[in-house]
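Source file protein_14.txt; content: compact mmCIF, C-alpha atoms.
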```txt
# COMPACT_ATOMS: atom_id res chain seq x y z
CA MET A 25 104.67 78.53 87.84
CA THR A 26 107.33 81.26 87.66
CA TYR A 27 107.62 85.02 87.38
CA GLU A 28 108.34 84.57 83.68
CA SER A 29 105.13 82.58 83.16
CA LEU A 30 103.15 85.34 84.89
CA VAL A 31 104.67 87.94 82.58
CA LYS A 32 103.81 85.81 79.53
CA SER A 33 100.26 85.45 80.80
CA ILE A 34 99.91 89.23 81.06
CA GLU A 35 101.41 89.76 77.61
CA SER A 36 98.83 87.36 76.16
CA LEU A 37 95.87 89.29 77.56
CA PRO A 38 93.72 90.99 74.90
CA PRO A 39 93.23 94.77 74.86
CA LEU A 40 90.56 96.33 77.04
CA SER A 41 87.19 97.06 75.42
CA ASN A 42 86.77 99.71 72.72
CA THR A 43 84.73 101.82 75.11
CA THR A 44 87.51 101.72 77.70
CA PHE A 45 90.07 102.61 75.02
CA LEU A 46 88.02 105.65 73.97
CA ILE A 47 87.76 106.75 77.60
CA GLN A 48 91.51 106.29 78.06
CA GLU A 49 92.09 108.61 75.11
CA LEU A 50 89.96 111.28 76.79
CA TYR A 51 92.18 111.04 79.85
CA ALA A 52 95.42 111.33 77.86
CA ASN A 53 95.91 114.95 78.95
CA GLY A 54 94.89 114.37 82.55
CA ALA A 55 91.62 114.01 84.45
CA GLY A 56 91.44 117.78 84.94
CA ASN A 57 91.18 118.37 81.18
CA ILE A 58 88.35 115.95 80.45
CA ASP A 59 85.51 116.89 78.12
CA ILE A 60 82.75 115.79 80.49
CA ILE A 61 80.06 115.78 77.82
CA LYS A 62 82.11 113.39 75.68
CA LEU A 63 82.87 111.20 78.70
CA VAL A 64 79.18 110.89 79.57
CA LYS A 65 78.24 110.10 75.96
CA ILE A 66 80.88 107.36 75.66
CA ILE A 67 79.80 105.69 78.91
CA GLU A 68 76.12 105.96 77.98
CA SER A 69 76.84 104.40 74.56
CA ASP A 70 77.73 101.17 76.39
CA ALA A 71 74.53 100.26 78.23
CA LEU A 72 76.17 97.51 80.31
CA LEU A 73 79.05 99.76 81.39
CA ALA A 74 76.67 102.60 82.26
CA ALA A 75 74.49 100.29 84.33
CA ASN A 76 77.49 98.89 86.20
CA VAL A 77 78.98 102.33 86.89
CA LEU A 78 75.68 103.42 88.45
CA LYS A 79 75.39 100.16 90.37
CA MET A 80 78.88 100.57 91.82
CA ILE A 81 78.38 104.21 92.77
CA ASN A 82 75.04 103.53 94.43
CA ALA A 83 76.44 100.76 96.61
CA PRO A 84 76.00 101.60 100.33
CA ILE A 85 79.79 101.28 100.72
CA TYR A 86 80.22 104.76 99.24
CA GLY A 87 77.71 106.28 101.60
CA PHE A 88 75.77 108.57 99.24
CA SER A 89 72.49 109.57 100.89
CA LYS A 90 70.56 109.90 97.60
CA GLN A 91 70.25 107.57 94.63
CA ILE A 92 72.42 108.63 91.68
CA ALA A 93 70.19 108.10 88.67
CA SER A 94 72.27 109.17 85.66
CA VAL A 95 75.82 108.97 84.34
CA SER A 96 76.06 112.77 84.12
CA GLN A 97 75.02 113.06 87.78
CA ALA A 98 77.57 110.39 88.70
CA VAL A 99 80.39 112.25 86.96
CA THR A 100 79.40 115.53 88.62
CA LEU A 101 79.18 114.08 92.14
CA PHE A 102 81.91 111.45 91.99
CA GLY A 103 84.48 113.29 89.86
CA THR A 104 86.20 112.38 86.59
CA GLN A 105 89.16 110.61 88.22
CA GLU A 106 86.96 108.34 90.31
CA ILE A 107 84.77 107.56 87.30
CA PHE A 108 87.90 106.52 85.41
CA GLY A 109 88.70 104.11 88.22
CA LEU A 110 85.20 102.61 88.07
CA VAL A 111 85.44 102.16 84.30
CA LEU A 112 88.83 100.45 84.62
CA HIS A 113 87.64 98.27 87.50
CA TYR A 114 84.71 97.01 85.45
CA ALA A 115 86.86 96.50 82.33
CA ILE A 116 89.58 94.58 84.19
CA HIS A 117 87.11 92.27 85.93
CA GLU A 118 85.49 91.57 82.57
CA LYS A 119 88.82 90.56 81.04
CA ILE A 120 90.25 88.53 83.92
CA LYS A 121 87.99 85.87 85.38
CA ALA A 122 89.66 84.28 88.37
CA ASN A 123 88.82 82.10 91.36
CA THR A 124 89.83 84.32 94.29
CA ARG A 125 89.20 81.49 96.76
CA ILE A 126 92.96 80.91 96.83
CA TYR A 127 93.05 84.17 98.81
CA GLY A 128 90.31 82.92 101.12
CA VAL A 129 87.55 85.16 99.72
CA SER A 130 84.74 84.80 97.20
CA ALA A 131 84.61 86.88 94.02
CA THR A 132 81.90 89.03 95.62
CA THR A 133 83.97 89.69 98.74
CA PHE A 134 87.05 90.43 96.63
CA ASN A 135 85.03 92.99 94.71
CA ASP A 136 83.82 94.45 98.01
CA ILE A 137 87.42 94.78 99.20
CA CYS A 138 88.34 96.80 96.12
CA HIS A 139 85.41 99.17 96.64
CA LEU A 140 86.04 99.43 100.38
CA GLN A 141 89.65 100.42 99.76
CA SER A 142 88.48 103.11 97.35
CA ALA A 143 85.66 104.36 99.59
CA LEU A 144 87.90 104.49 102.66
CA LEU A 145 90.57 106.45 100.84
CA MET A 146 88.04 108.86 99.35
CA GLN A 147 86.24 109.56 102.62
CA TRP A 148 89.45 109.84 104.65
CA TYR A 149 91.91 111.61 102.38
CA SER A 150 89.52 114.08 100.72
CA LYS A 151 89.71 116.19 103.87
CA ILE A 152 93.52 116.10 103.80
CA ASP A 153 94.41 116.63 100.14
CA PRO A 154 91.38 116.66 97.79
CA ARG A 155 93.41 116.63 94.57
CA GLN A 156 95.64 113.77 95.65
CA ALA A 157 92.59 111.93 97.03
CA GLN A 158 90.92 111.99 93.60
CA PHE A 159 93.91 110.35 91.96
CA LEU A 160 94.46 107.78 94.72
CA THR A 161 90.78 106.84 95.04
CA SER A 162 90.76 105.49 91.49
CA LEU A 163 94.08 103.71 92.00
CA ALA A 164 92.90 102.13 95.27
CA LEU A 165 89.93 100.68 93.41
CA ILE A 166 92.09 98.77 90.93
CA MET A 167 95.36 98.15 92.78
CA GLU A 168 94.38 94.58 93.74
CA SER A 169 94.01 93.57 90.06
CA GLY A 170 97.30 91.64 90.17
CA LYS A 171 95.67 89.15 92.54
CA LEU A 172 93.28 88.22 89.74
CA VAL A 173 96.23 87.40 87.47
CA LEU A 174 97.95 85.37 90.19
CA ALA A 175 94.74 83.57 91.13
CA GLN A 176 94.06 82.70 87.50
CA GLU A 177 97.57 81.33 86.94
CA ILE A 178 97.81 79.47 90.25
CA THR A 179 94.45 77.81 89.59
CA LYS A 180 95.82 76.49 86.28
CA SER A 181 98.94 75.10 87.98
CA ASN A 182 99.69 72.51 90.64
CA TYR A 183 100.28 75.19 93.28
CA VAL A 184 96.70 75.62 94.49
CA LYS A 185 96.90 73.59 97.70
CA GLU A 186 100.42 74.76 98.46
CA PHE A 187 99.51 78.41 97.92
CA LYS A 188 96.30 78.28 99.98
CA LYS A 189 98.01 76.53 102.88
CA GLY A 190 100.89 78.99 102.94
CA TYR A 191 98.62 81.97 102.50
CA GLU A 192 96.42 81.00 105.43
CA ALA A 193 99.50 80.67 107.64
CA CYS A 194 101.41 83.77 106.52
CA LYS A 195 101.43 87.09 108.39
CA ASN A 196 102.49 89.26 105.46
CA THR A 197 100.77 88.56 102.15
CA SER A 198 103.28 90.38 99.94
CA GLU A 199 106.25 88.67 101.58
CA TYR A 200 104.58 85.30 101.10
CA GLU A 201 103.80 85.96 97.43
CA ASP A 202 107.37 87.07 96.83
CA SER A 203 108.89 84.05 98.58
CA LEU A 204 106.83 81.67 96.49
CA LEU A 205 106.62 83.44 93.14
CA GLY A 206 109.45 85.95 93.08
CA THR A 207 107.03 88.86 92.84
CA THR A 208 103.95 90.31 94.51
CA SER A 209 100.42 90.90 93.32
CA TYR A 210 100.93 94.69 93.48
CA TYR A 211 103.97 94.47 91.21
CA ILE A 212 101.90 92.28 88.87
CA SER A 213 99.23 95.01 88.90
CA GLY A 214 101.92 97.42 87.73
CA LEU A 215 102.91 95.08 84.89
CA LEU A 216 99.25 94.64 84.00
CA PHE A 217 98.65 98.38 83.74
CA GLU A 218 101.87 98.75 81.76
CA HIS A 219 100.58 96.13 79.30
CA TRP A 220 97.33 98.06 78.86
CA ASN A 221 99.11 101.44 78.61
CA LEU A 222 97.33 102.88 81.63
CA GLU A 223 98.61 105.87 83.61
CA PRO A 224 102.44 105.58 83.94
CA ILE A 225 102.21 106.88 87.51
CA TYR A 226 99.89 103.96 88.34
CA VAL A 227 102.57 101.60 87.06
CA ASP A 228 105.36 103.23 89.07
CA VAL A 229 103.41 103.40 92.33
CA LEU A 230 102.35 99.75 92.16
CA LYS A 231 105.85 98.55 91.30
CA TYR A 232 107.28 100.55 94.21
CA ILE A 233 104.70 99.63 96.84
CA ASP A 234 106.53 96.43 97.81
CA TYR A 235 109.97 97.27 96.39
CA GLU A 236 110.79 100.84 97.36
CA LYS A 237 113.83 102.51 95.79
CA ASP A 238 116.11 105.26 97.07
CA ASP A 239 115.36 107.66 94.22
CA ILE A 240 111.57 107.84 94.69
CA SER A 241 110.16 111.36 94.60
CA PRO A 242 108.50 112.78 97.75
CA LYS A 243 105.17 112.81 95.92
CA VAL A 244 105.34 109.10 95.12
CA ILE A 245 106.42 108.37 98.72
CA SER A 246 103.29 110.20 99.87
CA TYR A 247 101.19 108.06 97.50
CA LEU A 248 102.79 104.87 98.82
CA ASP A 249 102.28 105.84 102.48
CA THR A 250 98.61 106.59 101.85
CA LEU A 251 97.93 103.38 99.92
CA ASN A 252 99.77 101.33 102.54
CA VAL A 253 97.40 102.69 105.18
CA ILE A 254 94.42 101.62 103.08
CA LYS A 255 95.67 98.11 102.31
CA THR A 256 96.57 97.62 105.97
CA ALA A 257 93.02 98.47 107.03
CA VAL A 258 91.29 96.56 104.22
CA ASN A 259 92.76 93.43 102.63
CA THR A 260 91.95 89.81 101.84
CA LYS A 261 92.84 88.72 105.38
CA ASP A 262 91.29 91.57 107.37
CA ILE A 263 88.34 93.70 106.30
CA LEU A 264 88.28 96.67 108.68
CA THR A 265 88.81 94.51 111.76
CA LYS A 266 89.81 96.11 115.06
CA LYS A 267 93.31 94.79 114.56
CA SER A 268 93.73 96.01 110.98
CA VAL A 269 92.30 99.47 111.72
CA LEU A 270 94.59 99.82 114.75
CA LEU A 271 97.63 98.92 112.64
CA ALA A 272 96.50 101.38 109.97
CA CYS A 273 96.06 104.08 112.63
CA ARG A 274 99.69 103.61 113.66
CA GLU A 275 100.73 104.17 110.04
CA VAL A 276 98.53 107.27 109.87
CA ASN A 277 100.18 108.57 113.02
CA ASP A 278 103.63 107.91 111.50
CA MET A 279 102.55 110.10 108.56
CA GLY A 280 101.91 112.93 111.01
CA LEU A 281 98.14 112.78 110.44
CA ASN A 282 95.15 112.45 112.77
CA ALA A 283 94.72 108.76 113.57
CA ASP A 284 91.48 109.35 115.50
CA TYR A 285 89.88 110.87 112.42
CA PHE A 286 90.99 107.94 110.30
CA ALA A 287 89.49 105.49 112.83
CA GLU A 288 86.22 107.44 112.75
CA VAL A 289 86.05 107.25 108.95
CA ALA A 290 86.97 103.55 108.97
CA LEU A 291 84.13 102.82 111.40
CA ARG A 292 81.67 104.72 109.21
CA VAL A 293 82.77 102.83 106.09
CA LYS A 294 82.50 99.53 107.97
CA ARG A 295 78.96 100.35 109.11
CA ASN A 296 77.96 101.12 105.52
CA TYR A 297 79.51 97.84 104.42
CA LEU A 298 77.71 95.78 107.06
CA PHE A 299 74.48 97.51 106.10
CA SER A 300 75.06 96.57 102.44
CA LEU A 301 75.63 92.92 103.42
CA LYS A 302 72.33 92.79 105.30
CA ASN A 303 70.42 94.19 102.34
CA ARG A 304 71.76 91.94 99.59
```
How would this structure read if it were set down as structure tokens?
Amino acid sequence: MTYESLVKSIESLPPLSNTTFLIQELYANGAGNIDIIKLVKIIESDALLAANVLKMINAPIYGFSKQIASVSQAVTLFGTQEIFGLVLHYAIHEKIKANTRIYGVSATTFNDICHLQSALLMQWYSKIDPRQAQFLTSLALIMESGKLVLAQEITKSNYVKEFKKGYEACKNTSEYEDSLLGTTSYYISGLLFEHWNLEPIYVDVLKYIDYEKDDISPKVISYLDTLNVIKTAVNTKDILTKKSVLLACREVNDMGLNADYFAEVALRVKRNYLFSLKNR
């Protein structure tokens, strides 16, 4: 398996669902210009999508104290940008079925990781920069999508045992992916979103996250720093462990932000997650 074969695999993927395409069109002029009534109607027209959006939002991971019973209520409380992320997350997971065991986690745990990354970012960064938090919360939810592509392709190849053995032994997941495949799962996420014509800024951020360039704008650097904190705290090797949260706190401190507050939020998100595991 090579980088070229991964690219071909992405290029062969079918378009996202018609419902997702219609929602993408609504977001063409930015999340702040969404016709909320139209958004709600489109989601509600797809019963399975509507049910899954509500299921995801009501997961204990997000920490809402009351049950969200309708799509319109979800959009109002969660925000249009975050709803977009949930729609994309559902659509991507419907299109790409992969055995995530090569990363040492079940499909359920992988899904949890995606939601934990999103929930952690939302609950932490909303107090720092609410507008930026809205954008990054949706991106955090879907930034691991490239791992689905890699897992799918590796499972088809003869690399399964080799990959799993190396992955278990490696300290840095991205460095390991790059050494073996010539790319990383985050860069693949960028290619994936490019293929589906998703937000160009999503594509740029994900391509830069492991391969930073000198001409990156300060805004994108801020995005990268924030997402790096999240993926340090929550990833396929460490899900809000003492070690991963401590490392993330150091990154928060390097950003000039309050590391104690981040640790407090991380603990709260972890408690919600453990509670959700007990009640499954």
Option closest in space to Ile85 (chain A), from A:Tyr232, A:Tyr27, A:Tyr297, A:Tyr51 [counting all atoms listed in the file]: A:Tyr297
Neighbours of Cys138 (chain A) within 8 Å (only C-alpha atoms; same-chain residues fewer than 3 positions away dropped), as an MDAnalysis selection string? chainID A and resid 134:135 141:142 164:168
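Using all atoms listed in the file for every distance, the candidate list A:Ser94, A:Ser130, A:Asn82, A:Gln48 yields A:Gln48 as the residue closest to Asn221 (chain A).
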Just to confirm, what's the straight-line distance from CA of Val95 (chain A) to CA of His113 (chain A) in Å (one decimal)? 16.3 Å
Which polymer residues have any atom within 10 Å of an atom of Leu46 (chain A), counting only C-alpha atoms, with same-chain residues fewer than 2 positions away left out, as an NGL selection string? :A and (41-44 or 48-51 or 62-63 or 66-67)
Among the residues A:Gly190, A:Pro39, A:Gly103, A:Gly170, the one that comes closest to Ile126 (chain A) [using only C-alpha atoms]: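 Using only C-alpha atoms, the shortest distance to Ile126 (chain A) belongs to A:Gly190.
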I'd like the neighbourhood of Val293 (chain A) as a ChimeraX atom specification, where a residue qualifies if any of its atoms comes within 8 Å (using only C-alpha atoms), though same-chain residues fewer than 3 positions away should be ignored. /A:85-87,140,143-144,289-290,296-297
Nearest residue to Asp202 (chain A) out of A:His117, A:Lys180, A:Leu222, A:Leu174, using all atoms listed in the file? A:Leu174
Would you give the centre and edge lengths, in Å to one decimal, of a box along x, y and z around the listed atoms of region 177-180 of chain A, with 5 Å added to each side, as JSON?
```
{"center_x": 96.1, "center_y": 78.9, "center_z": 88.3, "size_x": 13.4, "size_y": 14.8, "size_z": 14.0}
```
Please determine, counting all atoms listed in the file, which residue among A:Leu215, A:Ile152, A:Cys194, A:Ala75 has the shortest atom-to-atom distance to Val276 (chain A).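 Among the listed residues, A:Ile152 lies closest to Val276 (chain A).
CA of Ala122 (chain A) sits 5.5 Å away from CA of Leu172 (chain A).
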Atom pair CA of Ser203 (chain A) + CA of Leu160 (chain A), distance 28.0 Å
Nearest-residue call for Trp220 (chain A), choices A:Glu118, A:Glu35, A:Asp234, A:Asp239, using only C-alpha atoms: A:Glu35
For Ser300 (chain A), list every protein, DNA or RNA residue within 10 Å, evaluated using all atoms listed in the file, and leave out those in the same chain fewer than 5 positions away; present the list as a ChimeraX atom specification. /A:83-85,294-295
Filtering to C-alpha atoms, could you give me those residues as a PDB file, in the coordinates of the input?
```pdb
ATOM      1  CA  ALA A  83      76.440 100.760  96.610  1.00  0.00           C
ATOM      2  CA  PRO A  84      76.000 101.600 100.330  1.00  0.00           C
ATOM      3  CA  ILE A  85      79.790 101.280 100.720  1.00  0.00           C
ATOM      4  CA  LYS A 294      82.500  99.530 107.970  1.00  0.00           C
ATOM      5  CA  ARG A 295      78.960 100.350 109.110  1.00  0.00           C
TER       6      ARG A 295
END
```
Show me the residues close to (100.4, 98.7, 110.0) - anything with an atom within 8 Å, counting all atoms listed in the file - and format the list as a VMD selection string. chain A and resid 252 to 253 256 to 257 268 270 to 275
Need to verify the contact set: Ile92 (chain A), 10 Å, all atoms listed in the file, exclusion of same-chain residues closer than 5 positions in sequence. Can you return it as an MDAnalysis selection string? chainID A and resid 78:79 81:82 97:99 101:102
Can you complete the atoms of region 219-241 of chain A to N, CA and C atoms and list them as an mmCIF file, in the frame of the given file?
```cif
data_model
loop_
_atom_site.group_PDB
_atom_site.id
_atom_site.type_symbol
_atom_site.label_atom_id
_atom_site.label_comp_id
_atom_site.auth_asym_id
_atom_site.auth_seq_id
_atom_site.Cartn_x
_atom_site.Cartn_y
_atom_site.Cartn_z
ATOM 1 N N HIS A 219 101.017 96.853 80.494
ATOM 2 C CA HIS A 219 100.580 96.130 79.300
ATOM 3 C C HIS A 219 99.418 96.842 78.625
ATOM 4 N N TRP A 220 98.506 97.399 79.413
ATOM 5 C CA TRP A 220 97.330 98.060 78.860
ATOM 6 C C TRP A 220 97.530 99.560 78.657
ATOM 7 N N ASN A 221 98.769 100.027 78.837
ATOM 8 C CA ASN A 221 99.110 101.440 78.610
ATOM 9 C C ASN A 221 98.264 102.390 79.466
ATOM 10 N N LEU A 222 98.044 102.006 80.712
ATOM 11 C CA LEU A 222 97.330 102.880 81.630
ATOM 12 C C LEU A 222 98.304 103.928 82.173
ATOM 13 N N GLU A 223 97.816 104.781 83.053
ATOM 14 C CA GLU A 223 98.610 105.870 83.610
ATOM 15 C C GLU A 223 100.003 105.391 84.055
ATOM 16 N N PRO A 224 101.086 105.974 83.517
ATOM 17 C CA PRO A 224 102.440 105.580 83.940
ATOM 18 C C PRO A 224 102.670 105.703 85.443
ATOM 19 N N ILE A 225 102.027 106.716 86.069
ATOM 20 C CA ILE A 225 102.210 106.880 87.510
ATOM 21 C C ILE A 225 101.569 105.725 88.267
ATOM 22 N N TYR A 226 100.471 105.143 87.729
ATOM 23 C CA TYR A 226 99.890 103.960 88.340
ATOM 24 C C TYR A 226 100.920 102.831 88.348
ATOM 25 N N VAL A 227 101.573 102.665 87.219
ATOM 26 C CA VAL A 227 102.570 101.600 87.060
ATOM 27 C C VAL A 227 103.695 101.774 88.069
ATOM 28 N N ASP A 228 104.235 102.978 88.160
ATOM 29 C CA ASP A 228 105.360 103.230 89.070
ATOM 30 C C ASP A 228 104.987 103.001 90.519
ATOM 31 N N VAL A 229 103.834 103.534 90.930
ATOM 32 C CA VAL A 229 103.410 103.400 92.330
ATOM 33 C C VAL A 229 103.243 101.933 92.703
ATOM 34 N N LEU A 230 102.603 101.155 91.836
ATOM 35 C CA LEU A 230 102.350 99.750 92.160
ATOM 36 C C LEU A 230 103.626 98.913 92.143
ATOM 37 N N LYS A 231 104.576 99.277 91.308
ATOM 38 C CA LYS A 231 105.850 98.550 91.300
ATOM 39 C C LYS A 231 106.688 98.898 92.529
ATOM 40 N N TYR A 232 106.499 100.112 93.050
ATOM 41 C CA TYR A 232 107.280 100.550 94.210
ATOM 42 C C TYR A 232 106.678 100.120 95.540
ATOM 43 N N ILE A 233 105.388 99.803 95.559
ATOM 44 C CA ILE A 233 104.700 99.630 96.840
ATOM 45 C C ILE A 233 105.313 98.534 97.703
ATOM 46 N N ASP A 234 105.863 97.494 97.060
ATOM 47 C CA ASP A 234 106.530 96.430 97.810
ATOM 48 C C ASP A 234 108.053 96.445 97.637
ATOM 49 N N TYR A 235 108.531 97.237 96.689
ATOM 50 C CA TYR A 235 109.970 97.270 96.390
ATOM 51 C C TYR A 235 110.428 98.725 96.269
ATOM 52 N N GLU A 236 110.427 99.428 97.373
ATOM 53 C CA GLU A 236 110.790 100.840 97.360
ATOM 54 C C GLU A 236 112.252 101.049 96.954
ATOM 55 N N LYS A 237 112.485 102.163 96.246
ATOM 56 C CA LYS A 237 113.830 102.510 95.790
ATOM 57 C C LYS A 237 114.260 103.826 96.428
ATOM 58 N N ASP A 238 115.571 104.068 96.427
ATOM 59 C CA ASP A 238 116.110 105.260 97.070
ATOM 60 C C ASP A 238 115.777 106.548 96.330
ATOM 61 N N ASP A 239 115.551 106.453 95.020
ATOM 62 C CA ASP A 239 115.360 107.660 94.220
ATOM 63 C C ASP A 239 113.887 108.021 93.987
ATOM 64 N N ILE A 240 112.998 107.536 94.837
ATOM 65 C CA ILE A 240 111.570 107.840 94.690
ATOM 66 C C ILE A 240 111.328 109.306 95.074
ATOM 67 N N SER A 241 110.484 109.966 94.312
ATOM 68 C CA SER A 241 110.160 111.360 94.600
ATOM 69 C C SER A 241 109.291 111.459 95.846
#
```
